[in-house]
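Okay, final_10.pdb is below, PDB, C-alpha atoms and all ligand atoms:
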ATOM      1  CA  MET A   1     -24.840   0.815  11.027
ATOM      2  CA  TRP A   2     -21.347   1.287  12.326
ATOM      3  CA  GLU A   3     -18.074   2.278  10.817
ATOM      4  CA  ILE A   4     -14.863   0.348  11.062
ATOM      5  CA  LYS A   5     -11.371   1.671  10.459
ATOM      6  CA  LYS A   6      -9.092   0.062   7.926
ATOM      7  CA  ASP A   7      -5.588   0.827   6.848
ATOM      8  CA  LYS A   8      -5.419   1.518   3.142
ATOM      9  CA  VAL A   9      -2.145   1.204   1.290
ATOM     10  CA  SER A  10      -1.371   3.037  -1.913
ATOM     11  CA  VAL A  11       1.719   3.307  -4.097
ATOM     12  CA  ASP A  12       2.562   6.093  -6.511
ATOM     13  CA  THR A  13       3.629   3.429  -8.987
ATOM     14  CA  PRO A  14       4.879   5.677 -11.838
ATOM     15  CA  ASN A  15       7.498   7.121  -9.483
ATOM     16  CA  CYS A  16       8.739   3.737  -8.219
ATOM     17  CA  ILE A  17      12.469   3.223  -8.829
ATOM     18  CA  SER A  18      12.159  -0.569  -8.556
ATOM     19  CA  CYS A  19      14.521  -0.936  -5.605
ATOM     20  CA  GLY A  20      12.558  -3.916  -4.300
ATOM     21  CA  ALA A  21      12.526  -2.929  -0.640
ATOM     22  CA  CYS A  22       8.766  -3.005  -0.197
ATOM     23  CA  VAL A  23       8.393  -6.391  -1.861
ATOM     24  CA  ALA A  24      11.239  -7.800   0.222
ATOM     25  CA  ILE A  25       9.800  -6.434   3.462
ATOM     26  CA  CYS A  26       6.114  -7.078   2.823
ATOM     27  CA  SER A  27       5.382  -9.443  -0.034
ATOM     28  CA  GLU A  28       1.909 -10.009   1.406
ATOM     29  CA  VAL A  29       0.911  -6.497   0.331
ATOM     30  CA  PHE A  30       3.308  -5.469  -2.467
ATOM     31  CA  GLU A  31       4.379  -7.017  -5.716
ATOM     32  CA  PHE A  32       6.032  -5.900  -8.940
ATOM     33  CA  ASP A  33       4.009  -5.281 -12.054
ATOM     34  CA  LYS A  34       5.237  -6.286 -15.522
ATOM     35  CA  THR A  35       7.499  -3.236 -15.664
ATOM     36  CA  SER A  36       9.099  -4.067 -12.285
ATOM     37  CA  LYS A  37       7.364  -1.243 -10.504
ATOM     38  CA  SER A  38       5.623  -1.795  -7.200
ATOM     39  CA  ILE A  39       1.876  -2.135  -6.942
ATOM     40  CA  VAL A  40      -0.464  -3.058  -4.125
ATOM     41  CA  LYS A  41      -1.161  -6.771  -4.399
ATOM     42  CA  LYS A  42      -3.820  -6.655  -1.732
ATOM     43  CA  GLN A  43      -4.845  -4.383   1.076
ATOM     44  CA  PRO A  44      -3.608  -5.445   4.528
ATOM     45  CA  GLU A  45      -6.119  -7.486   6.476
ATOM     46  CA  THR A  46      -4.204  -8.458   9.600
ATOM     47  CA  ASP A  47      -2.263  -6.427  12.149
ATOM     48  CA  GLU A  48       0.923  -8.103  10.909
ATOM     49  CA  GLU A  49       0.234  -7.007   7.340
ATOM     50  CA  VAL A  50      -0.453  -3.441   8.461
ATOM     51  CA  VAL A  51       2.838  -3.410  10.386
ATOM     52  CA  CYS A  52       4.871  -4.719   7.467
ATOM     53  CA  ALA A  53       3.165  -2.296   5.066
ATOM     54  CA  LYS A  54       4.176   0.569   7.361
ATOM     55  CA  GLN A  55       7.718  -0.804   7.555
ATOM     56  CA  ALA A  56       7.827  -0.918   3.761
ATOM     57  CA  ALA A  57       6.579   2.674   3.591
ATOM     58  CA  ALA A  58       9.326   3.762   5.977
ATOM     59  CA  ALA A  59      11.943   1.926   3.936
ATOM     60  CA  CYS A  60      10.921   3.265   0.532
ATOM     61  CA  PRO A  61      13.788   5.508  -0.637
ATOM     62  CA  VAL A  62      11.492   7.764  -2.654
ATOM     63  CA  ALA A  63       8.662   7.870  -0.085
ATOM     64  CA  ILE A  64       5.858   6.948  -2.457
ATOM     65  CA  ILE A  65       4.058   4.424  -0.254
ATOM     66  CA  ASP A  66       1.167   5.748   1.771
ATOM     67  CA  VAL A  67      -0.571   3.884   4.588
ATOM     68  CA  LYS A  68      -3.660   5.746   5.616
ATOM     69  CA  GLU A  69      -6.474   4.909   8.001
ATOM     70  CA  VAL A  70      -9.871   5.157   6.338
ATOM     71  CA  LYS A  71     -13.408   4.300   7.262
ATOM     72  CA  ALA A  72     -14.408   1.045   5.623
ATOM     73  CA  VAL A  73     -18.115   1.819   5.507
ATOM     74  CA  ASN A  74     -19.579   4.667   3.484
ATOM     75  CA  ASP A  75     -16.157   6.018   2.635
ATOM     76  CA  PRO A  76     -15.422   6.817  -1.009
ATOM     77  CA  ASP A  77     -11.692   6.717  -0.190
ATOM     78  CA  TYR A  78     -11.801   2.972   0.357
ATOM     79  CA  LYS A  79     -11.774   1.403  -3.071
ATOM     80  CA  GLY A  80     -10.239  -1.980  -2.462
ATOM     81  CA  SER A  81      -7.080  -3.740  -3.440
ATOM     82  CA  ASN A  82      -6.605  -2.584  -7.021
ATOM     83  CA  ASP A  83      -6.519   1.119  -6.349
ATOM     84  CA  ASN A  84      -2.869   2.110  -6.656
ATOM     85  CA  LYS A  85      -3.405   5.818  -6.905
ATOM     86  CA  LYS A  86      -2.021   7.997  -4.173
ATOM     87  CA  ILE A  87      -4.690   9.910  -2.305
ATOM     88  CA  ALA A  88      -3.903  13.589  -2.018
TER
HETATM   89  S1  LIG B 101      10.364   0.583  -1.827
HETATM   90 FE1  LIG B 101       9.537   2.306  -3.038
HETATM   91  S2  LIG B 101      10.955   2.571  -4.767
HETATM   92 FE2  LIG B 101      11.388   0.559  -3.836
HETATM   93  S3  LIG B 101      10.175  -0.901  -5.087
HETATM   94 FE3  LIG B 101       8.897  -0.301  -3.319
HETATM   95  S4  LIG B 101       7.668   1.486  -4.012
HETATM   96 FE4  LIG B 101       9.358   1.171  -5.489
END
Would you mind writing the file out in structure tokens?
Amino acid sequence: MWEIKKDKVSVDTPNCISCGACVAICSEVFEFDKTSKSIVKKQPETDEEVVCAKQAAAACPVAIIDVKEVKAVNDPDYKGSNDNKKIA
């Protein structure tokens, strides 16, 4: 067995101020929920999606987007696309 590295994106959604920057910059990864707060639509799968997710994180005025490299195999941190909780 081997391990591969993946970039995992998370958003601290309750603290989103709905500015729209992340969705404008990287709609492949981010979208608004029903309350117009940002959530992760899907985890980035391509290099381009990782780059735009990082650009969105840099642009977020309240710094609540986290892009973190995790191991994709045997790593409890990697929970897939619907995990919007920020990892401490
Ligand atoms: S850039 Fe930050 S504050 Fe703006 S919508 Fe995205 S997560 Fe919310």
Please write as a list in words the full residue list that the PyMOL selection byres (((not hetatm)) within 8 of (chain B and resi 101)) yields on this file.
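For this structure, the PyMOL selection byres (((not hetatm)) within 8 of (chain B and resi 101)) resolves to Val11, Asp12, Thr13, Asn15, Cys16, Ile17, Ser18, Cys19, Gly20, Ala21, Cys22, Val23, Phe30, Phe32, Ser36, Lys37, Ser38, Ile39, Ala56, Ala57, Ala59, Cys60, Pro61, Val62, Ala63, Ile64 and Ile65 of chain A.
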Calculated over only C-alpha atoms, which of the candidates A:Ile4, A:Ala24, A:Val67, A:Ala72 has the smallest distance to Val51 in chain A?
A:Val67
Could you tell me how far CA of Thr35 in chain A sits from CA of Cys52 in chain A, in Å to one decimal place?
23.3 Å
Quick one: which residues end up in the PyMOL selection byres (((chain A and resi 9) around 8) and not hetatm) for this structure, as a VMD selection string?
chain A and resid 7 to 8 10 to 11 40 43 to 44 53 65 to 68
Separation of CA of Gln55 in chain A from CA of Val70 in chain A, in Å and rounded to one decimal
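If I compute the distance from CA of Gln55 in chain A to CA of Val70 in chain A, I get 18.6 Å.
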CA of Asp33 in chain A to CA of Pro14 in chain A, straight-line distance in Å:
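That distance, rounded to one decimal, is 11.0 Å.
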Which one of A:Glu28, A:Lys71, A:Lys34, A:Lys5 sits closest to Glu49 in chain A if you count all atoms listed in the file?
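For Glu49 in chain A, the nearest of the given residues is A:Glu28.
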